[in-house]
Every structure is written in C-alpha cells, then in structure tokens.
file model_35.pdb (PDB, C-alpha atoms, pLDDT in the B column)
ATOM      1  CA  ILE X 588     275.563 -67.239  68.685  1.00 57.00           C
ATOM      2  CA  ALA X 589     273.474 -64.927  70.817  1.00 61.00           C
ATOM      3  CA  GLY X 590     271.267 -66.301  73.531  1.00 63.00           C
ATOM      4  CA  ASP X 591     269.708 -65.780  76.918  1.00 63.00           C
ATOM      5  CA  ALA X 592     270.441 -67.192  80.369  1.00 62.00           C
ATOM      6  CA  ILE X 593     269.883 -70.840  79.385  1.00 63.00           C
ATOM      7  CA  TYR X 594     272.853 -70.554  77.040  1.00 64.00           C
ATOM      8  CA  GLU X 595     275.138 -69.947  80.007  1.00 65.00           C
ATOM      9  CA  PHE X 596     274.357 -73.518  81.061  1.00 68.00           C
ATOM     10  CA  ILE X 597     275.006 -74.777  77.531  1.00 66.00           C
ATOM     11  CA  ASN X 598     278.315 -72.878  77.439  1.00 66.00           C
ATOM     12  CA  SER X 599     279.497 -74.470  80.664  1.00 71.00           C
ATOM     13  CA  LYS X 600     278.326 -77.977  79.805  1.00 73.00           C
ATOM     14  CA  TYR X 601     279.292 -78.172  76.135  1.00 72.00           C
ATOM     15  CA  ASN X 602     282.002 -75.491  75.848  1.00 70.00           C
ATOM     16  CA  HIS X 603     280.102 -73.467  73.217  1.00 67.00           C
ATOM     17  CA  LYS X 604     280.799 -69.778  72.795  1.00 70.00           C
ATOM     18  CA  THR X 605     277.608 -67.778  73.121  1.00 73.00           C
ATOM     19  CA  ILE X 606     277.047 -64.090  73.738  1.00 78.00           C
ATOM     20  CA  VAL X 607     274.577 -63.498  76.553  1.00 80.00           C
ATOM     21  CA  PRO X 608     273.338 -60.299  78.187  1.00 87.00           C
ATOM     22  CA  PHE X 609     274.839 -59.123  81.439  1.00 90.00           C
ATOM     23  CA  PRO X 610     272.903 -59.871  84.642  1.00 90.00           C
ATOM     24  CA  ARG X 611     270.447 -57.052  85.402  1.00 92.00           C
ATOM     25  CA  ALA X 612     272.183 -55.873  88.599  1.00 94.00           C
ATOM     26  CA  GLU X 613     275.559 -55.785  86.859  1.00 94.00           C
ATOM     27  CA  ALA X 614     274.124 -53.867  83.889  1.00 95.00           C
ATOM     28  CA  GLU X 615     272.349 -51.335  86.118  1.00 95.00           C
ATOM     29  CA  ALA X 616     275.690 -50.504  87.755  1.00 96.00           C
ATOM     30  CA  ASP X 617     277.545 -49.973  84.456  1.00 97.00           C
ATOM     31  CA  PRO X 618     276.155 -47.732  81.661  1.00 96.00           C
ATOM     32  CA  GLU X 619     278.141 -49.555  78.951  1.00 97.00           C
ATOM     33  CA  LYS X 620     276.778 -52.927  80.029  1.00 96.00           C
ATOM     34  CA  LYS X 621     273.269 -51.501  80.183  1.00 96.00           C
ATOM     35  CA  LYS X 622     273.676 -50.119  76.651  1.00 97.00           C
ATOM     36  CA  PHE X 623     274.910 -53.522  75.464  1.00 95.00           C
ATOM     37  CA  ASN X 624     271.894 -55.250  77.050  1.00 94.00           C
ATOM     38  CA  ASN X 625     269.491 -52.772  75.411  1.00 95.00           C
ATOM     39  CA  GLU X 626     271.052 -53.290  71.970  1.00 94.00           C
ATOM     40  CA  PHE X 627     271.120 -57.051  72.518  1.00 91.00           C
ATOM     41  CA  SER X 628     267.436 -56.990  73.446  1.00 91.00           C
ATOM     42  CA  ALA X 629     266.536 -54.978  70.335  1.00 92.00           C
ATOM     43  CA  ILE X 630     268.328 -57.486  68.094  1.00 89.00           C
ATOM     44  CA  ARG X 631     266.656 -60.398  69.841  1.00 88.00           C
ATOM     45  CA  ILE X 632     263.222 -58.849  69.265  1.00 90.00           C
ATOM     46  CA  VAL X 633     263.942 -58.619  65.531  1.00 88.00           C
ATOM     47  CA  VAL X 634     265.058 -62.268  65.438  1.00 87.00           C
ATOM     48  CA  GLU X 635     261.945 -63.413  67.332  1.00 89.00           C
ATOM     49  CA  ASN X 636     259.743 -61.430  64.941  1.00 89.00           C
ATOM     50  CA  VAL X 637     261.419 -63.098  61.953  1.00 89.00           C
ATOM     51  CA  PHE X 638     260.798 -66.540  63.476  1.00 88.00           C
ATOM     52  CA  ALA X 639     257.150 -65.603  64.029  1.00 90.00           C
ATOM     53  CA  GLN X 640     256.802 -64.559  60.381  1.00 90.00           C
ATOM     54  CA  ILE X 641     258.433 -67.776  59.165  1.00 89.00           C
ATOM     55  CA  LYS X 642     256.091 -69.911  61.290  1.00 87.00           C
ATOM     56  CA  LYS X 643     253.093 -68.325  59.557  1.00 89.00           C
ATOM     57  CA  PHE X 644     253.988 -70.451  56.532  1.00 88.00           C
ATOM     58  CA  SER X 645     252.543 -73.864  57.332  1.00 84.00           C
ATOM     59  CA  ILE X 646     255.202 -75.580  55.248  1.00 84.00           C
ATOM     60  CA  CYS X 647     257.825 -74.190  57.677  1.00 82.00           C
ATOM     61  CA  ALA X 648     255.855 -74.720  60.879  1.00 80.00           C
ATOM     62  CA  GLY X 649     255.742 -78.505  60.747  1.00 80.00           C
ATOM     63  CA  ILE X 650     257.736 -81.491  59.578  1.00 83.00           C
ATOM     64  CA  PHE X 651     258.879 -81.197  55.971  1.00 83.00           C
ATOM     65  CA  ARG X 652     258.130 -84.443  54.145  1.00 85.00           C
ATOM     66  CA  SER X 653     259.677 -83.969  50.742  1.00 86.00           C
ATOM     67  CA  GLU X 654     263.076 -84.164  49.067  1.00 86.00           C
ATOM     68  CA  MET X 655     265.908 -81.927  50.289  1.00 84.00           C
ATOM     69  CA  GLU X 656     266.199 -80.036  47.000  1.00 85.00           C
ATOM     70  CA  LEU X 657     262.624 -78.797  47.393  1.00 91.00           C
ATOM     71  CA  HIS X 658     263.254 -78.083  51.084  1.00 87.00           C
ATOM     72  CA  SER X 659     266.051 -75.684  50.186  1.00 87.00           C
ATOM     73  CA  LYS X 660     263.943 -73.934  47.550  1.00 91.00           C
ATOM     74  CA  VAL X 661     261.007 -73.541  49.934  1.00 90.00           C
ATOM     75  CA  TRP X 662     263.170 -72.017  52.661  1.00 88.00           C
ATOM     76  CA  LYS X 663     264.797 -69.627  50.211  1.00 91.00           C
ATOM     77  CA  ALA X 664     261.383 -68.513  48.951  1.00 93.00           C
ATOM     78  CA  VAL X 665     260.043 -68.059  52.477  1.00 92.00           C
ATOM     79  CA  ALA X 666     263.179 -66.144  53.496  1.00 91.00           C
ATOM     80  CA  ILE X 667     262.752 -63.761  50.560  1.00 93.00           C
ATOM     81  CA  ILE X 668     259.053 -63.209  51.305  1.00 93.00           C
ATOM     82  CA  VAL X 669     259.684 -62.638  55.019  1.00 91.00           C
ATOM     83  CA  GLN X 670     262.522 -60.230  54.280  1.00 91.00           C
ATOM     84  CA  MET X 671     260.285 -58.281  51.890  1.00 91.00           C
ATOM     85  CA  LYS X 672     257.522 -58.126  54.516  1.00 88.00           C
ATOM     86  CA  MET X 673     259.968 -57.014  57.232  1.00 85.00           C
ATOM     87  CA  ASN X 674     261.386 -54.306  54.958  1.00 88.00           C
ATOM     88  CA  GLU X 675     257.889 -52.870  54.485  1.00 86.00           C
ATOM     89  CA  ARG X 676     257.652 -52.044  58.196  1.00 75.00           C
TER      90      ARG X 676
END

call {"tool": "encode", "arguments": {"input": "model_35.pdb", "output": "structure tokens"}}
result
Amino acid sequence: IAGDAIYEFINSKYNHKTIVPFPRAEAEADPEKKKFNNEFSAIRIVVENVFAQIKKFSICAGIFRSEMELHSKVWKAVAIIVQMKMNER
C-alpha cells in the first residue's frame, strides 16, 4: 500500500506495512530519496485521477443499493470505461 504522512500513524498504531514518501528535508539531502519521492508523487497523481474519473459515475459515487452480483458487474464496466478514457490521454 502506498500512502502519505497519515499512513505513518496507521503503520505505528495497527502494524500495517505502507510505503510513504521521505520527509522533504531528508529527500532534499539525498538525490535517490528525492527521485523516489518524485516517482511516488507521479504515481499518486495517476491514482487520484483514476478515483476522480470513477466518481464521475453516479452509481460509484454513492451507496450501492442492489445485489452484489450487479455490484461486481458495474465496477468491472466502470473500470473498463475509465481505463479506456485514461488510455486516450
């Protein structure tokens, strides 16, 4: 799991393993850490953009009130549409 600073708290409290960026001062002092943070940030932007695209579908933005079989089909369809839209960029 990749996350931001809040995940450090979750790691310590619940013993989850999460990858977080290096603190800014630490990254500025080490080119490899800075490179990691830049790549991490780029990936996070893509993930946030995917979430934004998914939320444009009202069926995914709210509470789903139907049977689980349909839920799975809807999410698969939305995932395919979002992936197609993202690939067009």

call {"tool": "atom_distance", "arguments": {"input": "model_35.pdb", "atom1": "CA of Ile641 in chain X", "atom2": "CA of Ala666 in chain X"}}
result
7.6 Å

call {"tool": "atom_distance", "arguments": {"input": "model_35.pdb", "atom1": "CA of Val669 in chain X", "atom2": "CA of Phe638 in chain X"}}
result
9.4 Å

call {"tool": "residues_around", "arguments": {"input": "model_35.pdb", "residues": "range 648-654 of chain X", "least_positions_apart": "6", "cutoff": "12 Å", "atoms": "all atoms listed in the file", "output": "mmCIF file with C-alpha atoms, in the coordinates of the input"}}
result
data_model
loop_
_atom_site.group_PDB
_atom_site.id
_atom_site.type_symbol
_atom_site.label_atom_id
_atom_site.label_comp_id
_atom_site.auth_asym_id
_atom_site.auth_seq_id
_atom_site.Cartn_x
_atom_site.Cartn_y
_atom_site.Cartn_z
ATOM 1 C CA PHE X 638 260.798 -66.540 63.476
ATOM 2 C CA ALA X 639 257.150 -65.603 64.029
ATOM 3 C CA GLN X 640 256.802 -64.559 60.381
ATOM 4 C CA ILE X 641 258.433 -67.776 59.165
ATOM 5 C CA LYS X 642 256.091 -69.911 61.290
ATOM 6 C CA LYS X 660 263.943 -73.934 47.550
ATOM 7 C CA VAL X 661 261.007 -73.541 49.934
ATOM 8 C CA TRP X 662 263.170 -72.017 52.661
ATOM 9 C CA VAL X 665 260.043 -68.059 52.477
#

call {"tool": "atom_distance", "arguments": {"input": "model_35.pdb", "atom1": "CA of Lys620 in chain X", "atom2": "CA of Ile606 in chain X"}}
result
12.8 Å
